[in-house]
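S.K.: So I've got this file, structure_30.txt, and it contains compact mmCIF, C-alpha atoms and all ligand atoms:
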# COMPACT_ATOMS: atom_id res chain seq x y z
CA MET A 1 0.00 0.00 0.00
CA ILE A 2 1.16 3.52 -0.73
CA ARG A 3 2.57 5.12 2.43
CA ILE A 4 3.19 8.69 3.50
CA ASN A 5 6.32 10.49 4.64
CA GLU A 6 5.51 10.21 8.34
CA ASN A 7 7.74 13.15 9.18
CA TYR A 8 4.86 15.31 7.99
CA THR A 9 2.76 14.05 10.89
CA LYS A 10 5.25 15.67 13.29
CA LEU A 11 4.44 19.13 11.94
CA LYS A 12 2.32 21.27 14.17
CA ALA A 13 -1.30 20.98 13.07
CA SER A 14 -1.91 24.42 11.69
CA TYR A 15 0.06 27.19 10.19
CA LEU A 16 0.36 30.48 12.08
CA PHE A 17 -1.23 32.67 9.41
CA ALA A 18 -4.11 30.25 8.99
CA ASP A 19 -4.85 30.58 12.74
CA ILE A 20 -4.74 34.35 12.47
CA ALA A 21 -7.01 34.34 9.39
CA ARG A 22 -9.52 32.15 11.22
CA ARG A 23 -9.76 34.58 14.17
CA VAL A 24 -9.88 37.64 11.90
CA ASN A 25 -12.56 36.10 9.67
CA ALA A 26 -14.67 35.22 12.73
CA PHE A 27 -14.32 38.81 13.99
CA VAL A 28 -15.24 40.31 10.60
CA ALA A 29 -18.27 38.00 10.30
CA ALA A 30 -19.49 39.07 13.74
CA ASN A 31 -18.65 42.78 13.23
CA PRO A 32 -19.21 43.62 9.55
CA ALA A 33 -19.38 47.35 10.26
CA LYS A 34 -15.92 47.53 11.88
CA PRO A 35 -13.16 47.68 9.25
CA VAL A 36 -10.05 45.77 10.22
CA ILE A 37 -6.51 47.09 9.52
CA ARG A 38 -3.98 44.34 8.87
CA LEU A 39 -0.47 44.88 10.21
CA GLY A 40 0.04 41.15 10.55
CA ILE A 41 1.17 39.25 7.51
CA GLY A 42 4.48 40.31 5.93
CA ASP A 43 3.23 41.15 2.44
CA VAL A 44 3.97 44.43 0.70
CA THR A 45 1.17 46.82 -0.29
CA GLU A 46 2.76 49.36 -2.67
CA PRO A 47 2.84 48.74 -6.45
CA LEU A 48 5.94 47.75 -8.42
CA PRO A 49 8.50 50.51 -9.12
CA PRO A 50 7.88 52.11 -12.56
CA VAL A 51 11.28 50.91 -13.90
CA CYS A 52 10.16 47.32 -13.27
CA VAL A 53 6.80 47.87 -14.95
CA ASP A 54 8.53 49.41 -18.00
CA ALA A 55 10.94 46.48 -18.19
CA LEU A 56 8.05 44.01 -17.90
CA HIS A 57 6.21 45.70 -20.79
CA ALA A 58 9.33 45.82 -22.98
CA ALA A 59 10.19 42.17 -22.29
CA THR A 60 6.60 41.11 -22.99
CA ASP A 61 6.86 42.84 -26.37
CA GLU A 62 10.07 40.92 -27.03
CA MET A 63 8.20 37.69 -26.30
CA SER A 64 5.61 38.66 -28.92
CA ARG A 65 8.11 38.75 -31.81
CA ARG A 66 9.70 35.70 -33.42
CA ALA A 67 13.12 37.38 -33.59
CA THR A 68 13.27 38.17 -29.87
CA PHE A 69 11.05 35.43 -28.43
CA LYS A 70 12.64 33.41 -25.58
CA GLY A 71 11.88 29.84 -24.59
CA TYR A 72 13.66 28.06 -21.75
CA GLY A 73 16.42 30.23 -20.31
CA PRO A 74 19.42 29.12 -18.25
CA GLU A 75 18.08 27.42 -15.09
CA GLN A 76 20.50 29.50 -12.97
CA GLY A 77 19.28 32.79 -14.42
CA TYR A 78 20.22 35.03 -17.36
CA ALA A 79 23.75 36.43 -17.38
CA PHE A 80 22.42 40.02 -17.48
CA LEU A 81 20.77 39.57 -14.08
CA ARG A 82 23.53 37.49 -12.44
CA GLU A 83 26.14 40.03 -13.57
CA ALA A 84 24.08 42.98 -12.29
CA ILE A 85 23.66 41.27 -8.91
CA ALA A 86 27.38 40.42 -8.64
CA GLN A 87 28.31 44.00 -9.49
CA HIS A 88 25.77 45.99 -7.47
CA ASP A 89 24.99 43.77 -4.48
CA TYR A 90 28.53 42.44 -3.95
CA ALA A 91 31.48 44.03 -5.82
CA ALA A 92 30.20 47.52 -4.96
CA ARG A 93 30.34 46.54 -1.27
CA GLY A 94 33.77 44.98 -1.47
CA CYS A 95 32.56 41.34 -1.58
CA VAL A 96 34.00 38.91 -4.10
CA ILE A 97 31.07 36.99 -5.59
CA GLU A 98 31.20 35.79 -9.20
CA PRO A 99 28.07 35.83 -11.40
CA ASP A 100 28.20 32.03 -11.70
CA GLU A 101 28.02 31.73 -7.90
CA ILE A 102 24.53 33.29 -8.07
CA PHE A 103 21.44 31.13 -8.65
CA VAL A 104 18.32 33.08 -9.64
CA SER A 105 15.06 31.56 -8.41
CA ASP A 106 11.38 32.31 -7.95
CA GLY A 107 11.65 32.98 -4.23
CA SER A 108 13.70 32.78 -1.09
CA LYS A 109 11.03 30.70 0.58
CA CYS A 110 11.71 27.88 -1.86
CA ASP A 111 15.47 28.39 -1.68
CA CYS A 112 15.71 28.34 2.11
CA GLY A 113 13.30 25.42 2.15
CA ASN A 114 15.05 23.40 -0.55
CA ILE A 115 18.68 23.94 0.35
CA GLN A 116 18.66 21.41 3.20
CA GLU A 117 18.13 18.50 0.82
CA ILE A 118 21.74 18.64 -0.44
CA PHE A 119 23.02 17.96 3.10
CA ALA A 120 23.13 14.77 5.18
CA ALA A 121 20.01 13.58 6.96
CA ASP A 122 21.65 13.33 10.40
CA LEU A 123 23.08 16.84 10.66
CA ARG A 124 23.01 18.83 13.87
CA LEU A 125 20.84 21.89 13.33
CA ALA A 126 21.06 25.32 14.95
CA ILE A 127 17.92 27.40 14.40
CA PRO A 128 16.92 30.70 16.03
CA ASP A 129 13.85 31.04 18.23
CA PRO A 130 11.73 33.00 17.30
CA VAL A 131 12.14 32.23 13.62
CA TYR A 132 10.71 32.36 10.10
CA PRO A 133 8.91 28.97 10.27
CA VAL A 134 10.24 27.62 6.93
CA TYR A 135 13.67 26.71 8.33
CA VAL A 136 12.23 24.45 11.02
CA ASP A 137 9.36 22.92 9.07
CA THR A 138 11.44 21.88 6.06
CA ASN A 139 13.89 20.09 8.33
CA VAL A 140 11.02 18.37 10.12
CA MET A 141 9.70 17.18 6.74
CA ALA A 142 13.16 15.87 5.86
CA GLY A 143 13.28 13.83 9.08
CA ARG A 144 16.11 15.74 10.79
CA THR A 145 14.15 16.20 14.02
CA GLY A 146 12.33 14.12 16.57
CA ALA A 147 8.84 14.81 17.85
CA ASN A 148 7.50 18.18 18.85
CA VAL A 149 7.58 18.17 22.65
CA ASP A 150 6.16 21.16 24.44
CA GLY A 151 6.49 23.44 21.41
CA ARG A 152 10.02 22.40 20.43
CA TYR A 153 11.37 19.69 18.16
CA GLU A 154 13.83 17.21 19.58
CA GLY A 155 17.19 17.33 17.86
CA ILE A 156 17.39 21.08 17.17
CA THR A 157 19.73 23.44 19.02
CA TYR A 158 17.50 26.47 19.47
CA LEU A 159 19.30 29.81 19.39
CA GLU A 160 17.28 31.84 21.85
CA CYS A 161 16.64 35.48 20.94
CA THR A 162 15.47 37.32 24.03
CA PRO A 163 15.54 40.79 25.58
CA ALA A 164 18.67 39.67 27.47
CA ASN A 165 20.74 39.28 24.29
CA HIS A 166 18.90 42.07 22.44
CA TYR A 167 17.43 39.34 20.22
CA VAL A 168 20.78 38.46 18.59
CA PRO A 169 21.88 34.97 19.66
CA ALA A 170 25.44 34.21 20.69
CA VAL A 171 27.18 31.13 19.26
CA PRO A 172 26.19 27.95 21.13
CA SER A 173 28.51 26.08 23.46
CA VAL A 174 27.85 22.84 21.53
CA ALA A 175 28.99 21.95 18.00
CA THR A 176 26.37 22.11 15.23
CA ASP A 177 26.62 21.59 11.45
CA LEU A 178 23.92 23.61 9.72
CA ILE A 179 23.12 27.04 11.15
CA TYR A 180 20.26 29.29 10.07
CA LEU A 181 20.69 33.03 10.59
CA CYS A 182 18.42 35.82 9.36
CA PHE A 183 19.35 39.53 9.54
CA PRO A 184 17.54 41.92 9.42
CA ASN A 185 15.39 39.44 11.23
CA ASN A 186 11.89 38.27 10.65
CA PRO A 187 10.08 38.44 13.07
CA THR A 188 12.16 40.59 15.44
CA GLY A 189 13.57 43.25 13.11
CA ALA A 190 16.93 42.87 14.90
CA VAL A 191 20.15 43.38 12.97
CA ALA A 192 23.60 41.90 13.66
CA THR A 193 26.81 43.89 13.87
CA LYS A 194 29.98 42.97 12.03
CA ALA A 195 31.51 41.64 15.26
CA GLN A 196 28.46 39.46 15.96
CA LEU A 197 28.51 37.97 12.47
CA ALA A 198 32.28 37.52 12.65
CA ALA A 199 31.78 35.38 15.78
CA TRP A 200 29.37 33.17 13.80
CA VAL A 201 31.77 32.85 10.86
CA ASP A 202 34.54 31.95 13.29
CA TYR A 203 32.31 29.34 14.97
CA ALA A 204 31.36 27.85 11.59
CA ARG A 205 34.99 27.65 10.50
CA LYS A 206 36.03 25.94 13.77
CA ASN A 207 33.18 23.43 13.57
CA ARG A 208 33.39 22.95 9.78
CA ALA A 209 29.74 23.96 9.72
CA ILE A 210 27.73 25.93 7.17
CA ILE A 211 25.74 29.11 7.86
CA LEU A 212 22.57 29.65 5.83
CA PHE A 213 22.27 33.42 5.89
CA ASP A 214 18.86 34.82 4.97
CA SER A 215 19.14 38.50 4.11
CA ALA A 216 15.74 38.93 2.47
CA TYR A 217 15.41 42.32 4.23
CA GLU A 218 18.88 43.76 3.60
CA ALA A 219 17.42 46.65 1.56
CA TYR A 220 16.02 48.05 4.82
CA ILE A 221 19.42 48.52 6.47
CA ARG A 222 20.14 52.21 6.93
CA ASP A 223 22.94 52.05 9.50
CA PRO A 224 26.15 52.05 7.43
CA GLN A 225 27.96 50.02 10.12
CA ILE A 226 25.60 47.05 9.76
CA PRO A 227 26.69 44.45 7.17
CA ARG A 228 24.20 43.81 4.38
CA SER A 229 25.82 40.54 3.41
CA ILE A 230 27.52 37.74 5.34
CA TYR A 231 30.28 38.00 2.72
CA GLU A 232 31.30 41.34 4.22
CA ILE A 233 32.83 39.17 6.95
CA GLU A 234 36.28 37.83 6.22
CA GLY A 235 36.33 34.09 5.65
CA ALA A 236 32.56 33.82 5.07
CA ARG A 237 33.00 32.56 1.49
CA ASP A 238 34.21 29.25 2.94
CA VAL A 239 31.31 28.74 5.35
CA ALA A 240 28.18 30.55 4.16
CA ILE A 241 25.33 30.43 1.68
CA GLU A 242 23.29 33.62 1.31
CA PHE A 243 19.63 34.05 0.32
CA ARG A 244 18.29 37.30 -1.09
CA SER A 245 14.92 38.23 -2.49
CA PHE A 246 13.42 41.02 -4.57
CA SER A 247 10.14 40.55 -2.66
CA LYS A 248 10.64 43.18 0.01
CA THR A 249 13.31 45.15 -1.88
CA ALA A 250 11.09 46.01 -4.82
CA GLY A 251 7.59 44.72 -4.11
CA PHE A 252 8.09 41.38 -5.92
CA THR A 253 6.04 39.23 -3.51
CA GLY A 254 3.55 38.53 -6.29
CA THR A 255 6.07 38.83 -9.13
CA ARG A 256 8.52 36.25 -7.70
CA CYS A 257 12.25 36.62 -8.08
CA ALA A 258 15.08 35.91 -5.66
CA TYR A 259 18.57 34.46 -5.63
CA THR A 260 20.91 32.24 -3.67
CA VAL A 261 24.69 32.67 -3.50
CA VAL A 262 26.80 29.54 -3.18
CA PRO A 263 30.51 30.37 -3.33
CA LYS A 264 32.68 27.86 -5.16
CA THR A 265 35.06 27.75 -2.21
CA LEU A 266 32.37 26.29 0.06
CA MET A 267 33.04 22.61 0.77
CA ALA A 268 31.22 19.86 2.68
CA ALA A 269 32.35 16.33 3.49
CA ASP A 270 30.88 12.91 2.66
CA ALA A 271 30.76 10.05 5.20
CA ALA A 272 34.31 9.04 4.28
CA GLY A 273 35.57 12.55 5.03
CA GLN A 274 36.21 13.46 1.39
CA THR A 275 35.19 17.04 0.62
CA HIS A 276 32.91 18.16 -2.22
CA PRO A 277 32.05 21.63 -3.53
CA VAL A 278 28.55 22.55 -2.36
CA HIS A 279 28.18 24.72 -5.47
CA ALA A 280 28.21 21.62 -7.69
CA LEU A 281 25.53 19.93 -5.57
CA TRP A 282 23.24 22.96 -5.56
CA ASN A 283 23.78 23.42 -9.30
CA ARG A 284 22.77 19.77 -9.82
CA ARG A 285 19.69 20.17 -7.64
CA HIS A 286 18.66 23.48 -9.16
CA THR A 287 19.04 22.35 -12.78
CA THR A 288 17.24 19.07 -12.10
CA LYS A 289 14.25 20.48 -10.27
CA PHE A 290 13.89 24.06 -11.52
CA ASN A 291 13.50 25.48 -15.02
CA GLY A 292 14.30 29.14 -14.54
CA VAL A 293 12.46 32.37 -13.76
CA ALA A 294 10.39 33.92 -16.57
CA TYR A 295 12.42 36.20 -18.85
CA PRO A 296 10.20 39.31 -18.32
CA ILE A 297 10.48 38.88 -14.54
CA GLN A 298 14.28 38.69 -14.70
CA LYS A 299 14.27 41.82 -16.89
CA ALA A 300 12.11 43.57 -14.28
CA ALA A 301 14.52 42.49 -11.53
CA ALA A 302 17.55 43.71 -13.50
CA ALA A 303 15.88 47.13 -13.93
CA ILE A 304 16.23 47.66 -10.17
CA PHE A 305 19.98 48.00 -10.62
CA SER A 306 19.77 51.02 -12.95
CA ASP A 307 20.34 54.44 -11.32
CA GLU A 308 16.64 55.21 -11.57
CA GLY A 309 15.79 51.72 -10.26
CA GLN A 310 18.01 52.29 -7.24
CA ARG A 311 16.25 55.61 -6.55
CA GLN A 312 12.80 54.08 -6.86
CA THR A 313 13.49 51.05 -4.66
CA ARG A 314 15.13 53.27 -2.08
CA ALA A 315 12.01 55.47 -2.04
CA LEU A 316 9.88 52.35 -1.60
CA THR A 317 11.85 50.99 1.34
CA ASP A 318 12.10 54.51 2.82
CA PHE A 319 8.32 54.70 2.71
CA TYR A 320 7.88 51.46 4.69
CA LEU A 321 10.62 52.53 7.11
CA GLY A 322 8.66 55.75 7.65
CA ASN A 323 5.69 53.62 8.69
CA ALA A 324 7.95 51.53 10.91
CA LYS A 325 9.23 54.63 12.69
CA LEU A 326 5.67 55.73 13.47
CA VAL A 327 4.82 52.29 14.86
CA ARG A 328 7.93 52.09 16.99
CA GLU A 329 7.41 55.61 18.40
CA ALA A 330 3.75 54.96 19.15
CA MET A 331 4.47 51.70 20.96
CA THR A 332 7.26 53.36 22.96
CA GLN A 333 4.87 56.15 23.96
CA LEU A 334 2.41 53.54 25.15
CA GLY A 335 5.15 52.20 27.43
CA PHE A 336 6.19 49.07 25.52
CA ALA A 337 9.81 48.10 24.94
CA SER A 338 10.34 47.16 21.32
CA ILE A 339 13.06 46.61 18.76
CA GLY A 340 13.26 46.62 14.97
CA GLY A 341 11.76 49.18 12.66
CA ASP A 342 14.92 51.21 12.06
CA ASN A 343 16.77 48.79 9.78
CA ALA A 344 13.85 46.43 9.19
CA PRO A 345 10.15 46.60 8.29
CA TYR A 346 9.10 44.74 11.46
CA ILE A 347 8.69 45.98 15.01
CA TRP A 348 8.92 43.39 17.77
CA VAL A 349 6.93 44.56 20.75
CA ASN A 350 7.52 43.16 24.22
CA THR A 351 3.90 43.00 25.40
CA GLY A 352 4.63 41.62 28.84
CA ARG A 353 1.66 39.29 28.49
CA ASP A 354 0.46 36.28 26.50
CA SER A 355 0.92 37.03 22.81
CA TRP A 356 -2.41 35.55 21.60
CA GLU A 357 -4.20 37.44 24.39
CA PHE A 358 -2.58 40.68 23.16
CA PHE A 359 -3.46 39.77 19.56
CA ASP A 360 -7.13 39.27 20.57
CA LEU A 361 -7.11 42.53 22.50
CA LEU A 362 -5.87 44.54 19.49
CA LEU A 363 -8.31 42.76 17.18
CA ASN A 364 -11.35 43.17 19.40
CA ARG A 365 -10.70 46.64 20.81
CA ALA A 366 -8.79 48.33 17.97
CA GLN A 367 -9.67 46.16 14.95
CA VAL A 368 -5.96 45.92 14.21
CA VAL A 369 -4.28 42.66 13.24
CA CYS A 370 -0.75 41.97 14.46
CA THR A 371 1.13 38.65 14.60
CA PRO A 372 1.39 36.83 17.94
CA GLY A 373 5.01 36.12 18.74
CA ALA A 374 4.26 32.62 20.04
CA GLY A 375 3.62 31.58 16.43
CA PHE A 376 7.33 32.05 15.68
CA GLY A 377 8.62 29.91 18.54
CA LYS A 378 8.73 29.58 22.30
CA CYS A 379 10.84 32.71 22.76
CA GLY A 380 8.27 34.67 20.77
CA GLU A 381 5.85 34.34 23.67
CA GLY A 382 5.21 37.69 25.34
CA HIS A 383 5.79 39.55 22.06
CA VAL A 384 3.90 40.54 18.93
CA ARG A 385 5.22 41.48 15.50
CA ILE A 386 3.83 44.62 13.90
CA SER A 387 4.53 45.00 10.21
CA ALA A 388 5.18 48.31 8.43
CA PHE A 389 3.73 47.02 5.17
CA ASN A 390 0.62 49.12 4.69
CA SER A 391 -0.45 52.56 3.49
CA ARG A 392 0.50 55.57 5.65
CA GLU A 393 -3.18 56.29 6.17
CA ASN A 394 -3.84 52.79 7.50
CA VAL A 395 -0.78 52.81 9.75
CA GLU A 396 -1.77 56.16 11.26
CA ALA A 397 -5.36 55.04 11.76
CA ALA A 398 -4.21 51.76 13.33
CA LEU A 399 -1.91 53.57 15.75
CA THR A 400 -4.67 55.96 16.81
CA ARG A 401 -6.96 53.02 17.47
CA ILE A 402 -4.28 51.07 19.35
CA ALA A 403 -3.57 54.10 21.54
CA ALA A 404 -7.28 54.47 22.34
CA ALA A 405 -7.67 50.75 23.04
CA LEU A 406 -4.70 50.47 25.37
CA ARG A 407 -5.11 53.69 27.30
C1 LIG B 1 13.04 35.82 6.42
C2 LIG B 1 12.36 35.56 5.14
N1 LIG B 1 12.98 34.84 4.20
C3 LIG B 1 12.39 34.57 3.04
C4 LIG B 1 11.12 35.03 2.74
C5 LIG B 1 10.46 34.64 1.47
O1 LIG B 1 10.72 35.48 0.44
P1 LIG B 1 10.20 35.19 -1.02
O2 LIG B 1 9.01 36.07 -1.25
O3 LIG B 1 11.37 35.53 -1.90
O4 LIG B 1 9.85 33.74 -1.15
C6 LIG B 1 10.45 35.79 3.67
C7 LIG B 1 9.09 36.26 3.38
O5 LIG B 1 8.36 36.77 4.13
C8 LIG B 1 11.08 36.05 4.90
O6 LIG B 1 10.46 36.76 5.85
What does this structure look like when you write it as C-alpha cells?
M.R.:
Amino acid sequence: MIRINENYTKLKASYLFADIARRVNAFVAANPAKPVIRLGIGDVTEPLPPVCVDALHAATDEMSRRATFKGYGPEQGYAFLREAIAQHDYAARGCVIEPDEIFVSDGSKCDCGNIQEIFAADLRLAIPDPVYPVYVDTNVMAGRTGANVDGRYEGITYLECTPANHYVPAVPSVATDLIYLCFPNNPTGAVATKAQLAAWVDYARKNRAIILFDSAYEAYIRDPQIPRSIYEIEGARDVAIEFRSFSKTAGFTGTRCAYTVVPKTLMAADAAGQTHPVHALWNRRHTTKFNGVAYPIQKAAAAIFSDEGQRQTRALTDFYLGNAKLVREAMTQLGFASIGGDNAPYIWVNTGRDSWEFFDLLLNRAQVVCTPGAGFGKCGEGHVRISAFNSRENVEAALTRIAAALR
C-alpha cells in the first residue's frame, strides 16, 4: 500500500497565518461594520516601481516577436541579471562573488526550504527562536528532528533570541553543522553587527559547519555600520550560503524573483571525510528540479539596478521605514519596549503578556491585526510582530486606534 512520509505528521497541526485568518474572519463576520486594519502578515502593499513595470512591458513585447522570443532560459538565471547582482549587491560593497556563484530563483522561501536536501540527513541543526517557520518545518519534513515536545522539536539546538541578548543569539557552546541566521530578522527586526557575524563565521569555521544566511530584508538597512551581506565578513565565502529576495526590496512578492549565493570555495564532506564543492551539488539540484524564472520577470529584476531603479526602490523601502518609525514611536509612547523598525520593516513589541491574548485585545478593541510572537517559537511568547507594510493612512489610523484601546 502507498505510504506517506511520516515526518509530515510531526508538523504542528496548523500554520500560524491560517490561525490568524480564522480569528480575523470570525471577527469580521461578527462585526461587519468595523473595518479591520492588517499589520500582521508580511506582504507588501505598494505597487511595483515604474522601472520594473517598464521592463516588464518591454520584455513582454520581445516575447511577442519571433526574432526576440525566448523559450527556456538558463536554469541558474540570465547572465544580465547574475552580472548585475554580482556587481551591485557584492562588488560595490567589497565582496567577491562571481556571477556564476549566483542562482536566480522564484523565491527565497523555496530556496531556504530546498537547500537542506543537499546535506546529510543526520546533521546537527542550529535554528533561532523565534524564527521564520520555513527553516524548522522543512527540516522536520526531511526527518532531521524528533517529535514536537512542548512546542520544540527534539534534535534542534535552538538559538534563543530574548531581551537579554537584544534578540541576537550568541554562538552555542555545543557543535552544530547547519546554522540558520536571518538579519535583518523576521520576526524581530533585529540586525547583527559585524563583530556578531564575525563570531558566527569563526564558529562555523572551527566546527566545519555551514551558515545559511537569509538577508531577504537587507534593503532596509540604513545604519552604514551594519553588514548587508555575510560575505562582508572575512572568511565567510568558505562557510556561508546567502539568500536574497526582490520581494521586500522592490515589491516582488507577487512577481517572484530571488537568488541564492553559493561560493565555489564552500566545501562539505561525505561520510568518508572526502570534501565536495557545495556549489556543484546545488547546481545539480537546481538544474534538475527548476526550469528558470520567466524572462520578463528577470528583466524587471535587472531594472532595479539602474540608477533610476536604485532611486525608486530606495524610495519604496524609505516609505515602509517611515511607517515603521511611526509604529515604533507609538508603541514606545504607550510604554512598551520594542526593537526593529529602524533597519527592518518589522517591530517586535515586548507586550509583557500572553501574545495571543494581546493579539485578541488589538483585534477586538482596535480592529488591528498583528502577529502573535508565540507563532514564531517559544521565545516569541510575550511579544507581537507589527509589520510596516501598509499605506500611511492605515498605519496612522491603526496607531490611533491602538492608543485608544490600550489607554
Ligand atoms: C526571512 C524571510 N525569508 C524569506 C522570505 C520569502 O521570500 P520570497 O518572497 O522571496 O519567497 C520571507 C518572506 O516573508 C522572509 O520573511
S.K.: At what distance in Å, to one decimal, does CA of Gly251 (chain A) lie from CA of Ile115 (chain A)?
M.R.: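 Value for the CA of Ile115 (chain A)-CA of Gly251 (chain A) distance: 24.0 Å.
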S.K.: I'd like the contact shell of region 261-266 of chain A - 12 Å cut-off, only C-alpha atoms, skipping same-chain residues fewer than 5 positions apart - returned as number ranges by chain.
M.R.: A: 76, 82, 85-86, 89-90, 95-105, 108, 111-112, 115, 204-205, 208-215, 229-231, 235-245, 275-283, 286
S.K.: Given the selection you just returned, output its residues as a file containing C-alpha atoms, formatted as a CSV table (one decimal), in the frame of the given file.
M.R.:
chain,number,residue,atom,x,y,z
A,76,GLN,CA,20.5,29.5,-13.0
A,82,ARG,CA,23.5,37.5,-12.4
A,85,ILE,CA,23.7,41.3,-8.9
A,86,ALA,CA,27.4,40.4,-8.6
A,89,ASP,CA,25.0,43.8,-4.5
A,90,TYR,CA,28.5,42.4,-4.0
A,95,CYS,CA,32.6,41.3,-1.6
A,96,VAL,CA,34.0,38.9,-4.1
A,97,ILE,CA,31.1,37.0,-5.6
A,98,GLU,CA,31.2,35.8,-9.2
A,99,PRO,CA,28.1,35.8,-11.4
A,100,ASP,CA,28.2,32.0,-11.7
A,101,GLU,CA,28.0,31.7,-7.9
A,102,ILE,CA,24.5,33.3,-8.1
A,103,PHE,CA,21.4,31.1,-8.6
A,104,VAL,CA,18.3,33.1,-9.6
A,105,SER,CA,15.1,31.6,-8.4
A,108,SER,CA,13.7,32.8,-1.1
A,111,ASP,CA,15.5,28.4,-1.7
A,112,CYS,CA,15.7,28.3,2.1
A,115,ILE,CA,18.7,23.9,0.4
A,204,ALA,CA,31.4,27.8,11.6
A,205,ARG,CA,35.0,27.6,10.5
A,208,ARG,CA,33.4,23.0,9.8
A,209,ALA,CA,29.7,24.0,9.7
A,210,ILE,CA,27.7,25.9,7.2
A,211,ILE,CA,25.7,29.1,7.9
A,212,LEU,CA,22.6,29.6,5.8
A,213,PHE,CA,22.3,33.4,5.9
A,214,ASP,CA,18.9,34.8,5.0
A,215,SER,CA,19.1,38.5,4.1
A,229,SER,CA,25.8,40.5,3.4
A,230,ILE,CA,27.5,37.7,5.3
A,231,TYR,CA,30.3,38.0,2.7
A,235,GLY,CA,36.3,34.1,5.6
A,236,ALA,CA,32.6,33.8,5.1
A,237,ARG,CA,33.0,32.6,1.5
A,238,ASP,CA,34.2,29.2,2.9
A,239,VAL,CA,31.3,28.7,5.4
A,240,ALA,CA,28.2,30.6,4.2
A,241,ILE,CA,25.3,30.4,1.7
A,242,GLU,CA,23.3,33.6,1.3
A,243,PHE,CA,19.6,34.0,0.3
A,244,ARG,CA,18.3,37.3,-1.1
A,245,SER,CA,14.9,38.2,-2.5
A,275,THR,CA,35.2,17.0,0.6
A,276,HIS,CA,32.9,18.2,-2.2
A,277,PRO,CA,32.0,21.6,-3.5
A,278,VAL,CA,28.6,22.6,-2.4
A,279,HIS,CA,28.2,24.7,-5.5
A,280,ALA,CA,28.2,21.6,-7.7
A,281,LEU,CA,25.5,19.9,-5.6
A,282,TRP,CA,23.2,23.0,-5.6
A,283,ASN,CA,23.8,23.4,-9.3
A,286,HIS,CA,18.7,23.5,-9.2
S.K.: Compute the set of protein, DNA and RNA residues whose minimum atom distance to ligand LIG 1 (chain B) is at most 6 Å, using all atoms listed in the file, and state it as a list in words.
M.R.: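 Counting only what the definition allows, namely all atoms listed in the file, the set is Gly42, Gly107, Ser108, Lys109, Tyr132, Asn186, Asp214, Ala216, Ser245, Ser247, Thr253 and Ala258 of chain A.
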S.K.: Please check which residues have atoms at most 9 Å from (18.8, 43.9, 9.2) in the file's coordinates, counting only C-alpha atoms, and write them as an MDAnalysis selection string.
M.R.: chainID A and resid 182:185 189:192 215:222 226:228 340 342:344
S.K.: Put those residues in a file: C-alpha atoms, as an mmCIF file, in the frame of the given file.
M.R.:
data_model
loop_
_atom_site.group_PDB
_atom_site.id
_atom_site.type_symbol
_atom_site.label_atom_id
_atom_site.label_comp_id
_atom_site.auth_asym_id
_atom_site.auth_seq_id
_atom_site.Cartn_x
_atom_site.Cartn_y
_atom_site.Cartn_z
ATOM 1 C CA CYS A 182 18.420 35.820 9.360
ATOM 2 C CA PHE A 183 19.350 39.530 9.540
ATOM 3 C CA PRO A 184 17.540 41.920 9.420
ATOM 4 C CA ASN A 185 15.390 39.440 11.230
ATOM 5 C CA GLY A 189 13.570 43.250 13.110
ATOM 6 C CA ALA A 190 16.930 42.870 14.900
ATOM 7 C CA VAL A 191 20.150 43.380 12.970
ATOM 8 C CA ALA A 192 23.600 41.900 13.660
ATOM 9 C CA SER A 215 19.140 38.500 4.110
ATOM 10 C CA ALA A 216 15.740 38.930 2.470
ATOM 11 C CA TYR A 217 15.410 42.320 4.230
ATOM 12 C CA GLU A 218 18.880 43.760 3.600
ATOM 13 C CA ALA A 219 17.420 46.650 1.560
ATOM 14 C CA TYR A 220 16.020 48.050 4.820
ATOM 15 C CA ILE A 221 19.420 48.520 6.470
ATOM 16 C CA ARG A 222 20.140 52.210 6.930
ATOM 17 C CA ILE A 226 25.600 47.050 9.760
ATOM 18 C CA PRO A 227 26.690 44.450 7.170
ATOM 19 C CA ARG A 228 24.200 43.810 4.380
ATOM 20 C CA GLY A 340 13.260 46.620 14.970
ATOM 21 C CA ASP A 342 14.920 51.210 12.060
ATOM 22 C CA ASN A 343 16.770 48.790 9.780
ATOM 23 C CA ALA A 344 13.850 46.430 9.190
#
S.K.: Name the residues in contact with region 148-156 of chain A at a cut-off of 7 Å, using all atoms listed in the file, excluding same-chain residues fewer than 6 positions from it; report them as a ChimeraX atom specification.
M.R.: /A:10,124-127,378
S.K.: Would you mind telling me which residue in A:Ala374, A:Asn323, A:Thr288, A:Gln116 lies nearest to Glu393 (chain A) when using only C-alpha atoms?
M.R.: A:Asn323
S.K.: Work out how far CA of Phe358 (chain A) is from CA of Pro372 (chain A), in Å to one decimal.
M.R.: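 Separation between CA of Pro372 (chain A) and CA of Phe358 (chain A): 7.6 Å.
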S.K.: How far is it from CA of Val36 (chain A) to CA of Leu16 (chain A), in Å with one decimal?
M.R.: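 We find that CA of Val36 (chain A) and CA of Leu16 (chain A) lie 18.6 Å from each other.
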S.K.: Tell me which of A:Ala397, A:Ala175, A:Phe305, A:Ala33 sits closest to Ala92 (chain A), counting all atoms listed in the file.
M.R.: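 Nearest candidate to Ala92 (chain A) out of A:Ala397, A:Ala175, A:Phe305, A:Ala33: A:Phe305.
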S.K.: So, with only C-alpha atoms as the atoms that count, which of A:Gln225, A:Asn5, A:Gln310, A:Gln87 lies closest to Pro50 (chain A)?
M.R.: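 For Pro50 (chain A), the nearest of the candidates is A:Gln310.
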